[in-house]
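What's in structure-v4.pdb: PDB, C-alpha atoms
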```pdb
ATOM      1  CA  GLN A   1       6.118 -32.618   9.386  1.00  0.00           C
ATOM      2  CA  GLN A   2       4.472 -29.990   7.239  1.00  0.00           C
ATOM      3  CA  GLN A   3       4.617 -31.184   3.655  1.00  0.00           C
ATOM      4  CA  VAL A   4       3.001 -28.135   2.033  1.00  0.00           C
ATOM      5  CA  LYS A   5       4.366 -24.717   2.940  1.00  0.00           C
ATOM      6  CA  GLN A   6       2.099 -21.768   2.196  1.00  0.00           C
ATOM      7  CA  SER A   7       2.879 -18.074   2.181  1.00  0.00           C
ATOM      8  CA  PRO A   8       2.084 -15.394   3.051  1.00  0.00           C
ATOM      9  CA  GLN A   9       0.083 -15.978   6.210  1.00  0.00           C
ATOM     10  CA  SER A  10      -2.012 -12.903   5.492  1.00  0.00           C
ATOM     11  CA  LEU A  11      -2.419 -10.508   2.602  1.00  0.00           C
ATOM     12  CA  ILE A  12      -4.203  -7.201   2.154  1.00  0.00           C
ATOM     13  CA  VAL A  13      -4.892  -5.743  -1.291  1.00  0.00           C
ATOM     14  CA  GLN A  14      -7.054  -3.043  -2.779  1.00  0.00           C
ATOM     15  CA  LYS A  15     -10.024  -3.850  -4.969  1.00  0.00           C
ATOM     16  CA  GLY A  16      -8.793  -4.629  -8.468  1.00  0.00           C
ATOM     17  CA  GLY A  17      -5.392  -5.794  -7.262  1.00  0.00           C
ATOM     18  CA  ILE A  18      -3.880  -9.212  -8.012  1.00  0.00           C
ATOM     19  CA  PRO A  19      -3.092 -11.122  -4.814  1.00  0.00           C
ATOM     20  CA  ILE A  20      -0.676 -14.022  -5.229  1.00  0.00           C
ATOM     21  CA  ILE A  21      -0.467 -16.899  -2.774  1.00  0.00           C
ATOM     22  CA  ASN A  22       2.421 -19.326  -2.987  1.00  0.00           C
ATOM     23  CA  CYS A  23       2.855 -22.940  -1.966  1.00  0.00           C
ATOM     24  CA  ALA A  24       5.820 -25.276  -2.011  1.00  0.00           C
ATOM     25  CA  TYR A  25       5.897 -29.000  -1.515  1.00  0.00           C
ATOM     26  CA  GLU A  26       8.506 -31.689  -0.918  1.00  0.00           C
ATOM     27  CA  ASN A  27       6.821 -34.940  -1.815  1.00  0.00           C
ATOM     28  CA  THR A  28       7.442 -35.691  -5.501  1.00  0.00           C
ATOM     29  CA  ALA A  29       4.623 -38.243  -5.407  1.00  0.00           C
ATOM     30  CA  PHE A  30       2.053 -35.454  -5.144  1.00  0.00           C
ATOM     31  CA  ASP A  31       0.052 -35.245  -8.337  1.00  0.00           C
ATOM     32  CA  TYR A  32      -3.092 -33.307  -7.496  1.00  0.00           C
ATOM     33  CA  PHE A  33      -3.002 -29.738  -6.253  1.00  0.00           C
ATOM     34  CA  PRO A  34      -6.298 -28.111  -5.293  1.00  0.00           C
ATOM     35  CA  TRP A  35      -6.992 -24.735  -3.755  1.00  0.00           C
ATOM     36  CA  TYR A  36      -9.789 -24.350  -1.237  1.00  0.00           C
ATOM     37  CA  GLN A  37     -11.551 -21.155  -0.177  1.00  0.00           C
ATOM     38  CA  GLN A  38     -13.029 -20.764   3.299  1.00  0.00           C
ATOM     39  CA  PHE A  39     -15.349 -18.002   4.486  1.00  0.00           C
ATOM     40  CA  PRO A  40     -15.849 -17.362   8.222  1.00  0.00           C
ATOM     41  CA  GLY A  41     -18.208 -19.887   9.776  1.00  0.00           C
ATOM     42  CA  LYS A  42     -18.110 -22.150   6.744  1.00  0.00           C
ATOM     43  CA  GLY A  43     -16.175 -25.193   5.675  1.00  0.00           C
ATOM     44  CA  PRO A  44     -13.541 -25.030   2.941  1.00  0.00           C
ATOM     45  CA  ALA A  45     -14.837 -25.284  -0.626  1.00  0.00           C
ATOM     46  CA  LEU A  46     -12.916 -26.292  -3.732  1.00  0.00           C
ATOM     47  CA  LEU A  47     -11.948 -23.280  -5.833  1.00  0.00           C
ATOM     48  CA  ILE A  48      -9.683 -24.664  -8.537  1.00  0.00           C
ATOM     49  CA  ALA A  49      -7.286 -27.577  -8.955  1.00  0.00           C
ATOM     50  CA  ILE A  50      -4.392 -28.577 -11.185  1.00  0.00           C
ATOM     51  CA  ARG A  51      -2.466 -31.702 -12.076  1.00  0.00           C
ATOM     52  CA  PRO A  52       1.255 -31.565 -12.938  1.00  0.00           C
ATOM     53  CA  ASP A  53       0.805 -32.255 -16.652  1.00  0.00           C
ATOM     54  CA  VAL A  54      -0.019 -28.559 -17.212  1.00  0.00           C
ATOM     55  CA  SER A  55       1.778 -25.422 -16.057  1.00  0.00           C
ATOM     56  CA  GLU A  56      -1.259 -23.194 -15.762  1.00  0.00           C
ATOM     57  CA  LYS A  57      -4.993 -23.466 -15.263  1.00  0.00           C
ATOM     58  CA  LYS A  58      -7.477 -20.641 -15.354  1.00  0.00           C
ATOM     59  CA  GLU A  59     -11.066 -20.564 -14.142  1.00  0.00           C
ATOM     60  CA  GLY A  60     -12.701 -17.165 -14.290  1.00  0.00           C
ATOM     61  CA  ARG A  61     -10.587 -14.728 -12.285  1.00  0.00           C
ATOM     62  CA  PHE A  62      -8.602 -17.506 -10.578  1.00  0.00           C
ATOM     63  CA  THR A  63      -5.388 -18.917 -12.035  1.00  0.00           C
ATOM     64  CA  ILE A  64      -3.052 -21.618 -10.770  1.00  0.00           C
ATOM     65  CA  SER A  65       0.547 -21.511 -11.939  1.00  0.00           C
ATOM     66  CA  PHE A  66       2.503 -24.727 -11.467  1.00  0.00           C
ATOM     67  CA  ASN A  67       6.272 -25.224 -11.574  1.00  0.00           C
ATOM     68  CA  LYS A  68       7.033 -28.912 -11.323  1.00  0.00           C
ATOM     69  CA  SER A  69      10.821 -28.593 -11.292  1.00  0.00           C
ATOM     70  CA  ALA A  70      10.717 -26.074  -8.455  1.00  0.00           C
ATOM     71  CA  LYS A  71       7.940 -27.985  -6.678  1.00  0.00           C
ATOM     72  CA  GLN A  72       5.935 -24.816  -6.319  1.00  0.00           C
ATOM     73  CA  PHE A  73       2.472 -23.670  -7.253  1.00  0.00           C
ATOM     74  CA  SER A  74       0.625 -20.429  -6.782  1.00  0.00           C
ATOM     75  CA  LEU A  75      -2.850 -18.911  -6.910  1.00  0.00           C
ATOM     76  CA  HIS A  76      -3.458 -15.591  -8.640  1.00  0.00           C
ATOM     77  CA  ILE A  77      -6.736 -13.721  -8.274  1.00  0.00           C
ATOM     78  CA  MET A  78      -7.317 -11.235 -11.076  1.00  0.00           C
ATOM     79  CA  ASP A  79      -9.357  -8.081 -10.491  1.00  0.00           C
ATOM     80  CA  SER A  80      -9.884  -8.999  -6.841  1.00  0.00           C
ATOM     81  CA  GLN A  81     -13.144  -7.985  -5.159  1.00  0.00           C
ATOM     82  CA  PRO A  82     -14.124  -7.465  -1.511  1.00  0.00           C
ATOM     83  CA  GLY A  83     -16.203 -10.645  -1.821  1.00  0.00           C
ATOM     84  CA  ASP A  84     -12.969 -12.576  -2.382  1.00  0.00           C
ATOM     85  CA  SER A  85     -11.959 -11.824   1.221  1.00  0.00           C
ATOM     86  CA  ALA A  86     -11.535 -15.283   2.747  1.00  0.00           C
ATOM     87  CA  THR A  87      -8.911 -17.783   3.853  1.00  0.00           C
ATOM     88  CA  TYR A  88      -7.278 -19.697   1.023  1.00  0.00           C
ATOM     89  CA  PHE A  89      -5.689 -23.100   1.466  1.00  0.00           C
ATOM     90  CA  CYS A  90      -3.458 -24.901  -0.967  1.00  0.00           C
ATOM     91  CA  ALA A  91      -3.357 -28.660  -0.740  1.00  0.00           C
ATOM     92  CA  ALA A  92      -1.701 -31.669  -2.317  1.00  0.00           C
ATOM     93  CA  THR A  93      -2.098 -35.396  -2.481  1.00  0.00           C
ATOM     94  CA  PRO A  94      -0.481 -38.316  -4.275  1.00  0.00           C
ATOM     95  CA  GLY A  95      -2.429 -40.461  -6.655  1.00  0.00           C
ATOM     96  CA  GLY A  96      -2.513 -44.211  -6.747  1.00  0.00           C
ATOM     97  CA  SER A  97      -1.726 -46.611  -3.933  1.00  0.00           C
ATOM     98  CA  GLY A  98      -3.125 -46.865  -0.495  1.00  0.00           C
ATOM     99  CA  GLY A  99      -2.486 -46.099   3.133  1.00  0.00           C
ATOM    100  CA  SER A 100      -1.846 -42.553   4.242  1.00  0.00           C
ATOM    101  CA  ASN A 101      -1.228 -41.562   0.641  1.00  0.00           C
ATOM    102  CA  TYR A 102      -4.914 -40.959   0.343  1.00  0.00           C
ATOM    103  CA  LYS A 103      -4.855 -37.944   2.593  1.00  0.00           C
ATOM    104  CA  LEU A 104      -5.151 -34.419   1.284  1.00  0.00           C
ATOM    105  CA  THR A 105      -2.412 -32.381   2.964  1.00  0.00           C
ATOM    106  CA  PHE A 106      -3.236 -28.710   3.435  1.00  0.00           C
ATOM    107  CA  GLY A 107      -1.056 -25.650   3.768  1.00  0.00           C
ATOM    108  CA  LYS A 108      -1.673 -23.489   6.833  1.00  0.00           C
ATOM    109  CA  GLY A 109      -3.797 -20.977   4.946  1.00  0.00           C
ATOM    110  CA  THR A 110      -3.635 -17.356   3.824  1.00  0.00           C
ATOM    111  CA  LEU A 111      -6.104 -14.801   5.126  1.00  0.00           C
ATOM    112  CA  LEU A 112      -6.869 -12.491   2.214  1.00  0.00           C
ATOM    113  CA  THR A 113      -8.508  -9.125   2.757  1.00  0.00           C
ATOM    114  CA  VAL A 114      -9.604  -7.100  -0.263  1.00  0.00           C
ATOM    115  CA  ASN A 115     -10.361  -3.512   0.660  1.00  0.00           C
ATOM    116  CA  PRO A 116     -13.005  -1.585  -1.295  1.00  0.00           C
TER
ATOM    117  CA  ASP B   1     -24.680 -25.716   0.901  1.00  0.00           C
ATOM    118  CA  SER B   2     -22.196 -28.575   0.416  1.00  0.00           C
ATOM    119  CA  GLY B   3     -24.697 -31.283   1.308  1.00  0.00           C
ATOM    120  CA  VAL B   4     -22.538 -32.496   4.208  1.00  0.00           C
ATOM    121  CA  THR B   5     -24.249 -32.194   7.584  1.00  0.00           C
ATOM    122  CA  GLN B   6     -22.382 -32.016  10.858  1.00  0.00           C
ATOM    123  CA  THR B   7     -23.820 -31.989  14.363  1.00  0.00           C
ATOM    124  CA  PRO B   8     -23.538 -30.429  16.823  1.00  0.00           C
ATOM    125  CA  LYS B   9     -22.352 -27.056  15.510  1.00  0.00           C
ATOM    126  CA  HIS B  10     -21.034 -26.018  18.893  1.00  0.00           C
ATOM    127  CA  LEU B  11     -20.066 -28.047  21.930  1.00  0.00           C
ATOM    128  CA  ILE B  12     -18.655 -26.940  25.264  1.00  0.00           C
ATOM    129  CA  THR B  13     -17.421 -29.538  27.681  1.00  0.00           C
ATOM    130  CA  ALA B  14     -14.932 -30.084  30.481  1.00  0.00           C
ATOM    131  CA  THR B  15     -11.538 -31.739  30.551  1.00  0.00           C
ATOM    132  CA  GLY B  16     -11.687 -35.492  30.943  1.00  0.00           C
ATOM    133  CA  GLN B  17     -15.067 -35.784  29.268  1.00  0.00           C
ATOM    134  CA  ARG B  18     -16.038 -37.652  26.111  1.00  0.00           C
ATOM    135  CA  VAL B  19     -17.950 -36.288  23.130  1.00  0.00           C
ATOM    136  CA  THR B  20     -19.258 -37.629  19.852  1.00  0.00           C
ATOM    137  CA  LEU B  21     -19.366 -35.633  16.638  1.00  0.00           C
ATOM    138  CA  ARG B  22     -21.642 -36.782  13.848  1.00  0.00           C
ATOM    139  CA  CYS B  23     -21.390 -36.403  10.092  1.00  0.00           C
ATOM    140  CA  SER B  24     -23.796 -37.219   7.289  1.00  0.00           C
ATOM    141  CA  PRO B  25     -22.062 -37.214   3.890  1.00  0.00           C
ATOM    142  CA  ARG B  26     -23.546 -35.985   0.632  1.00  0.00           C
ATOM    143  CA  SER B  27     -25.974 -38.364  -0.943  1.00  0.00           C
ATOM    144  CA  GLY B  28     -24.024 -40.894  -2.990  1.00  0.00           C
ATOM    145  CA  ASP B  29     -20.627 -40.173  -1.440  1.00  0.00           C
ATOM    146  CA  LEU B  30     -18.908 -43.228  -0.024  1.00  0.00           C
ATOM    147  CA  SER B  31     -15.849 -41.600   1.561  1.00  0.00           C
ATOM    148  CA  VAL B  32     -15.859 -39.609   4.770  1.00  0.00           C
ATOM    149  CA  TYR B  33     -12.837 -37.678   5.998  1.00  0.00           C
ATOM    150  CA  TRP B  34     -12.290 -36.032   9.372  1.00  0.00           C
ATOM    151  CA  TYR B  35     -10.086 -32.964   9.760  1.00  0.00           C
ATOM    152  CA  GLN B  36      -9.129 -30.897  12.797  1.00  0.00           C
ATOM    153  CA  GLN B  37      -8.657 -27.166  12.296  1.00  0.00           C
ATOM    154  CA  SER B  38      -6.787 -25.038  14.795  1.00  0.00           C
ATOM    155  CA  LEU B  39      -5.234 -21.603  14.443  1.00  0.00           C
ATOM    156  CA  ASP B  40      -1.651 -22.792  14.760  1.00  0.00           C
ATOM    157  CA  GLN B  41      -1.848 -26.137  12.958  1.00  0.00           C
ATOM    158  CA  GLY B  42      -4.255 -25.393  10.138  1.00  0.00           C
ATOM    159  CA  LEU B  43      -6.256 -28.290   8.717  1.00  0.00           C
ATOM    160  CA  GLN B  44      -4.914 -31.591  10.007  1.00  0.00           C
ATOM    161  CA  PHE B  45      -6.126 -34.852   8.510  1.00  0.00           C
ATOM    162  CA  LEU B  46      -7.346 -37.307  11.126  1.00  0.00           C
ATOM    163  CA  ILE B  47      -8.887 -40.298   9.387  1.00  0.00           C
ATOM    164  CA  GLN B  48     -10.771 -41.469   6.297  1.00  0.00           C
ATOM    165  CA  TYR B  49     -13.423 -44.126   5.860  1.00  0.00           C
ATOM    166  CA  TYR B  50     -14.611 -45.559   2.574  1.00  0.00           C
ATOM    167  CA  ASN B  51     -17.839 -47.538   2.437  1.00  0.00           C
ATOM    168  CA  GLY B  52     -17.589 -48.514   6.078  1.00  0.00           C
ATOM    169  CA  GLU B  53     -13.907 -49.375   6.214  1.00  0.00           C
ATOM    170  CA  GLU B  54     -10.974 -47.364   7.444  1.00  0.00           C
ATOM    171  CA  ARG B  55      -8.969 -46.238   4.416  1.00  0.00           C
ATOM    172  CA  ALA B  56      -6.310 -43.882   5.697  1.00  0.00           C
ATOM    173  CA  LYS B  57      -5.099 -42.621   9.018  1.00  0.00           C
ATOM    174  CA  GLY B  58      -3.413 -39.327   9.801  1.00  0.00           C
ATOM    175  CA  ASN B  59      -2.362 -37.700  13.041  1.00  0.00           C
ATOM    176  CA  ILE B  60      -5.255 -39.043  15.052  1.00  0.00           C
ATOM    177  CA  LEU B  61      -4.654 -39.410  18.772  1.00  0.00           C
ATOM    178  CA  GLU B  62      -5.285 -42.740  20.494  1.00  0.00           C
ATOM    179  CA  ARG B  63      -7.954 -40.975  22.595  1.00  0.00           C
ATOM    180  CA  PHE B  64      -9.871 -40.352  19.371  1.00  0.00           C
ATOM    181  CA  SER B  65     -11.730 -42.951  17.371  1.00  0.00           C
ATOM    182  CA  ALA B  66     -14.116 -42.955  14.462  1.00  0.00           C
ATOM    183  CA  GLN B  67     -16.375 -45.239  12.530  1.00  0.00           C
ATOM    184  CA  GLN B  68     -18.607 -45.218   9.482  1.00  0.00           C
ATOM    185  CA  PHE B  69     -21.949 -46.937   9.729  1.00  0.00           C
ATOM    186  CA  PRO B  70     -23.839 -48.954   7.073  1.00  0.00           C
ATOM    187  CA  ASP B  71     -25.929 -45.898   6.192  1.00  0.00           C
ATOM    188  CA  LEU B  72     -22.556 -44.138   5.553  1.00  0.00           C
ATOM    189  CA  HIS B  73     -22.859 -41.563   8.306  1.00  0.00           C
ATOM    190  CA  SER B  74     -19.776 -41.275  10.471  1.00  0.00           C
ATOM    191  CA  GLU B  75     -19.028 -40.466  14.074  1.00  0.00           C
ATOM    192  CA  LEU B  76     -15.841 -39.129  15.613  1.00  0.00           C
ATOM    193  CA  ASN B  77     -15.437 -39.963  19.291  1.00  0.00           C
ATOM    194  CA  LEU B  78     -13.120 -37.837  21.403  1.00  0.00           C
ATOM    195  CA  SER B  79     -12.380 -39.049  24.924  1.00  0.00           C
ATOM    196  CA  SER B  80     -10.356 -37.935  27.943  1.00  0.00           C
ATOM    197  CA  LEU B  81     -10.570 -34.462  26.521  1.00  0.00           C
ATOM    198  CA  GLU B  82      -7.784 -31.969  27.102  1.00  0.00           C
ATOM    199  CA  LEU B  83      -7.702 -28.198  26.693  1.00  0.00           C
ATOM    200  CA  GLY B  84      -5.621 -28.630  23.555  1.00  0.00           C
ATOM    201  CA  ASP B  85      -8.409 -30.576  21.867  1.00  0.00           C
ATOM    202  CA  SER B  86     -10.399 -27.361  21.498  1.00  0.00           C
ATOM    203  CA  ALA B  87     -10.707 -26.856  17.748  1.00  0.00           C
ATOM    204  CA  LEU B  88     -13.002 -26.939  14.772  1.00  0.00           C
ATOM    205  CA  TYR B  89     -13.624 -30.466  13.553  1.00  0.00           C
ATOM    206  CA  PHE B  90     -14.592 -30.809   9.911  1.00  0.00           C
ATOM    207  CA  CYS B  91     -16.084 -33.705   8.096  1.00  0.00           C
ATOM    208  CA  ALA B  92     -15.749 -33.964   4.335  1.00  0.00           C
ATOM    209  CA  SER B  93     -17.059 -36.448   1.837  1.00  0.00           C
ATOM    210  CA  SER B  94     -16.274 -37.556  -1.692  1.00  0.00           C
ATOM    211  CA  VAL B  95     -17.600 -40.056  -4.166  1.00  0.00           C
ATOM    212  CA  GLY B  96     -14.488 -42.194  -4.504  1.00  0.00           C
ATOM    213  CA  TRP B  97     -11.785 -43.490  -2.222  1.00  0.00           C
ATOM    214  CA  SER B  98      -8.974 -41.259  -3.457  1.00  0.00           C
ATOM    215  CA  ALA B  99      -8.615 -37.587  -2.544  1.00  0.00           C
ATOM    216  CA  SER B 100      -6.837 -37.081  -5.858  1.00  0.00           C
ATOM    217  CA  ALA B 101      -9.815 -38.213  -7.874  1.00  0.00           C
ATOM    218  CA  GLY B 102     -11.846 -35.096  -7.278  1.00  0.00           C
ATOM    219  CA  GLU B 103     -13.473 -32.686  -4.903  1.00  0.00           C
ATOM    220  CA  LEU B 104     -13.879 -33.032  -1.185  1.00  0.00           C
ATOM    221  CA  PHE B 105     -17.109 -31.472   0.085  1.00  0.00           C
ATOM    222  CA  PHE B 106     -16.788 -30.069   3.592  1.00  0.00           C
ATOM    223  CA  GLY B 107     -19.451 -29.570   6.206  1.00  0.00           C
ATOM    224  CA  GLU B 108     -19.632 -26.411   8.292  1.00  0.00           C
ATOM    225  CA  GLY B 109     -17.770 -27.972  11.166  1.00  0.00           C
ATOM    226  CA  SER B 110     -18.295 -28.688  14.845  1.00  0.00           C
ATOM    227  CA  ARG B 111     -16.637 -26.226  17.172  1.00  0.00           C
ATOM    228  CA  LEU B 112     -15.425 -27.961  20.329  1.00  0.00           C
ATOM    229  CA  THR B 113     -14.453 -25.952  23.377  1.00  0.00           C
ATOM    230  CA  VAL B 114     -12.874 -27.809  26.280  1.00  0.00           C
ATOM    231  CA  LEU B 115     -12.843 -25.866  29.555  1.00  0.00           C
TER
END
```
What does the file become when written as C-alpha cells?
Amino acid sequence: QQQVKQSPQSLIVQKGGIPIINCAYENTAFDYFPWYQQFPGKGPALLIAIRPDVSEKKEGRFTISFNKSAKQFSLHIMDSQPGDSATYFCAATPGGSGGSNYKLTFGKGTLLTVNP
Amino acid sequence: DSGVTQTPKHLITATGQRVTLRCSPRSGDLSVYWYQQSLDQGLQFLIQYYNGEERAKGNILERFSAQQFPDLHSELNLSSLELGDSALYFCASSVGWSASAGELFFGEGSRLTVL
C-alpha cells in the first residue's frame, strides 16, 4: 500500500520557471516530511525537510508548502536551472515509537527536466 | 560524497544464485537502512539496523536477509534470485535510530542484474 502519493511523474520546464511537485499522504501519524534529490548514478540526497508545526519552509530557491488539514505538501523550485534536472522524491515518517514506524516512506519520484 | 560506501557497484548473476551486498555507513552513524529501487515501485524500504540490532522491517522477502556487524558495516544477502530481483539496492545511514530525527545519507547503490 503506497502511503505517499507523488505527482506528476515527470515535469519539463524552461529555465527560470517554477516547477511544483505535489505529495499527499494518508497516515496522520506522519510528522516529518523530507524531500530528496537524486541525480543519475547517484543516491538520493536530502534537499529540504519540514515538520507539521509550520506551513512553509524555504531554503535558497527551494520551498516546501505544507497543508496539514489536506494532508498534502509540495516542493516549489524558484528560478529553476538546468542543473536542477534530477529526480525528486517526497517522503514521510512518523515520529516516536518503534517497529515499522521508523521507516521513511518515499513517493515514487518526479523526473524534472529544466531546459536551457 | 555522502560518506556511505557500497560494494559492488554492479553485479550480474543468474537466477537461483545468491549474492551479498555490502555497506559501510558514515563514520559515527549507528543506523543502516536498506532500500530497493525499481522503476515501477520507486524506493522501497527493506530493513533497518541500529547498533547491530534489527530496528524495523519493511517489505523484505524471506529470501533476503541482512545483518549489521560490530564494526557497524552491514550486508544484505539475496538468495534464490529471480528476474524480478533486478534493481538498484541502496544503503543509507543516520546517526540515530529514528528516520524522523534527521537526514539519511545514501550510498551510490549496487545495481543487481539477474539474467
Find the spatial neighbours of range 98-106 of chain B, counting all atoms listed in the file, within a cut-off of 7 Å - ignore same-chain residues fewer than 4 positions away - and output them as a VMD selection string. (chain A and resid 32 43 to 46 93 to 95 102 to 104) or (chain B and resid 2 4 90 to 94)
Taking the file as shown, find all residues satisfying the ChimeraX specification (/A :<12) & /B and write them as a CSV table (one decimal) with C-alpha atoms, keeping the file's coordinate frame.
```csv
chain,number,residue,atom,x,y,z
B,1,ASP,CA,-24.7,-25.7,0.9
B,2,SER,CA,-22.2,-28.6,0.4
B,3,GLY,CA,-24.7,-31.3,1.3
B,4,VAL,CA,-22.5,-32.5,4.2
B,5,THR,CA,-24.2,-32.2,7.6
B,6,GLN,CA,-22.4,-32.0,10.9
B,9,LYS,CA,-22.4,-27.1,15.5
B,10,HIS,CA,-21.0,-26.0,18.9
B,31,SER,CA,-15.8,-41.6,1.6
B,32,VAL,CA,-15.9,-39.6,4.8
B,33,TYR,CA,-12.8,-37.7,6.0
B,34,TRP,CA,-12.3,-36.0,9.4
B,35,TYR,CA,-10.1,-33.0,9.8
B,36,GLN,CA,-9.1,-30.9,12.8
B,37,GLN,CA,-8.7,-27.2,12.3
B,38,SER,CA,-6.8,-25.0,14.8
B,39,LEU,CA,-5.2,-21.6,14.4
B,40,ASP,CA,-1.7,-22.8,14.8
B,41,GLN,CA,-1.8,-26.1,13.0
B,42,GLY,CA,-4.3,-25.4,10.1
B,43,LEU,CA,-6.3,-28.3,8.7
B,44,GLN,CA,-4.9,-31.6,10.0
B,45,PHE,CA,-6.1,-34.9,8.5
B,46,LEU,CA,-7.3,-37.3,11.1
B,47,ILE,CA,-8.9,-40.3,9.4
B,48,GLN,CA,-10.8,-41.5,6.3
B,49,TYR,CA,-13.4,-44.1,5.9
B,50,TYR,CA,-14.6,-45.6,2.6
B,54,GLU,CA,-11.0,-47.4,7.4
B,55,ARG,CA,-9.0,-46.2,4.4
B,56,ALA,CA,-6.3,-43.9,5.7
B,57,LYS,CA,-5.1,-42.6,9.0
B,58,GLY,CA,-3.4,-39.3,9.8
B,59,ASN,CA,-2.4,-37.7,13.0
B,60,ILE,CA,-5.3,-39.0,15.1
B,88,LEU,CA,-13.0,-26.9,14.8
B,89,TYR,CA,-13.6,-30.5,13.6
B,90,PHE,CA,-14.6,-30.8,9.9
B,91,CYS,CA,-16.1,-33.7,8.1
B,92,ALA,CA,-15.7,-34.0,4.3
B,93,SER,CA,-17.1,-36.4,1.8
B,94,SER,CA,-16.3,-37.6,-1.7
B,96,GLY,CA,-14.5,-42.2,-4.5
B,97,TRP,CA,-11.8,-43.5,-2.2
B,98,SER,CA,-9.0,-41.3,-3.5
B,99,ALA,CA,-8.6,-37.6,-2.5
B,100,SER,CA,-6.8,-37.1,-5.9
B,101,ALA,CA,-9.8,-38.2,-7.9
B,102,GLY,CA,-11.8,-35.1,-7.3
B,103,GLU,CA,-13.5,-32.7,-4.9
B,104,LEU,CA,-13.9,-33.0,-1.2
B,105,PHE,CA,-17.1,-31.5,0.1
B,106,PHE,CA,-16.8,-30.1,3.6
B,107,GLY,CA,-19.5,-29.6,6.2
B,108,GLU,CA,-19.6,-26.4,8.3
B,109,GLY,CA,-17.8,-28.0,11.2
B,110,SER,CA,-18.3,-28.7,14.8
B,111,ARG,CA,-16.6,-26.2,17.2
```
From the set A:Ile77, A:Val13, A:Gln72, A:Ile21, which residue has the shortest atom-to-atom contact distance to Gly60 in chain A, counting only C-alpha atoms?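 Residue with the minimum atom-to-atom distance to Gly60 in chain A: A:Ile77.
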Restricting the calculation to all atoms listed in the file, which member of A:Glu59, A:Gly16, A:Leu111, A:Lys68 is positioned closest to Pro82 in chain A?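 Closest to Pro82 in chain A of all the choices is A:Gly16.
CA of Gln67 in chain B lies 23.5 Å from CA of Ala14 in chain B.
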Length of the CA of Arg63 in chain B to CA of Ser80 in chain B vector [Å]: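 One can read the CA of Arg63 in chain B to CA of Ser80 in chain B distance as 6.6 Å.
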Neighbouring residues of Val95 in chain B were defined as those with any atom within 8 Å, considering all atoms listed in the file; residues of the same chain fewer than 4 positions away were excluded. Please report them as an MDAnalysis selection string. chainID B and resid 28:31
Selection: 9 Å around Gly16 in chain B, only C-alpha atoms, excl. self and same-chain fewer than 6 positions, as a list in words: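 The filter keeps Ser79, Ser80, Leu81 and Glu82 of chain B.
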Could you expand the PyMOL selection byres ((chain A and resi 64) around 9) into the explicit residues it covers here, written as JSON, numbers by chain? {"A": [35, 48, 49, 50, 55, 56, 57, 58, 59, 62, 63, 65, 66, 73, 74, 75, 76]}
Include C-alpha atoms and write out the residues we just selected as a PDB file, in the coordinates of the input.
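So selection-v4.pdb came out as:
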```pdb
ATOM      1  CA  TRP A  35      -6.992 -24.735  -3.755  1.00  0.00           C
ATOM      2  CA  ILE A  48      -9.683 -24.664  -8.537  1.00  0.00           C
ATOM      3  CA  ALA A  49      -7.286 -27.577  -8.955  1.00  0.00           C
ATOM      4  CA  ILE A  50      -4.392 -28.577 -11.185  1.00  0.00           C
ATOM      5  CA  SER A  55       1.778 -25.422 -16.057  1.00  0.00           C
ATOM      6  CA  GLU A  56      -1.259 -23.194 -15.762  1.00  0.00           C
ATOM      7  CA  LYS A  57      -4.993 -23.466 -15.263  1.00  0.00           C
ATOM      8  CA  LYS A  58      -7.477 -20.641 -15.354  1.00  0.00           C
ATOM      9  CA  GLU A  59     -11.066 -20.564 -14.142  1.00  0.00           C
ATOM     10  CA  PHE A  62      -8.602 -17.506 -10.578  1.00  0.00           C
ATOM     11  CA  THR A  63      -5.388 -18.917 -12.035  1.00  0.00           C
ATOM     12  CA  SER A  65       0.547 -21.511 -11.939  1.00  0.00           C
ATOM     13  CA  PHE A  66       2.503 -24.727 -11.467  1.00  0.00           C
ATOM     14  CA  PHE A  73       2.472 -23.670  -7.253  1.00  0.00           C
ATOM     15  CA  SER A  74       0.625 -20.429  -6.782  1.00  0.00           C
ATOM     16  CA  LEU A  75      -2.850 -18.911  -6.910  1.00  0.00           C
ATOM     17  CA  HIS A  76      -3.458 -15.591  -8.640  1.00  0.00           C
TER      18      HIS A  76
END
```
Point-to-point distance from CA of Thr15 in chain B to CA of Ser86 in chain B, Å rounded to tenths: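 Going from CA of Thr15 in chain B over to CA of Ser86 in chain B, I get 10.1 Å.
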Using only C-alpha atoms, determine which residues lie at most 10 Å from Leu78 in chain B, disregarding the query and same-chain residues fewer than 3 positions distant; provide the list as a ChimeraX atom specification. /B:16-21,61-66,75,81-82,85
From the list A:Val54, A:Leu112, A:Ala86, A:Ala29, which residue is nearest Pro8 in chain A when using all atoms listed in the file? A:Leu112
Quick one: residues within 8 Å of Arg22 in chain B, only C-alpha atoms counted, chain neighbours fewer than 4 positions away excluded, as a list of chain:residue names? B:Gln6, B:Thr7, B:Pro8, B:His73, B:Ser74, B:Glu75, B:Leu76
Using 8 Å of padding on each side, determine the axis-aligned box around all atoms of range 59-76 of chain A present in the file and give its centre and edge lengths in Å to one decimal, as JSON.
```
{"center_x": -0.9, "center_y": -21.8, "center_z": -10.3, "size_x": 39.5, "size_y": 30.2, "size_z": 24.0}
```
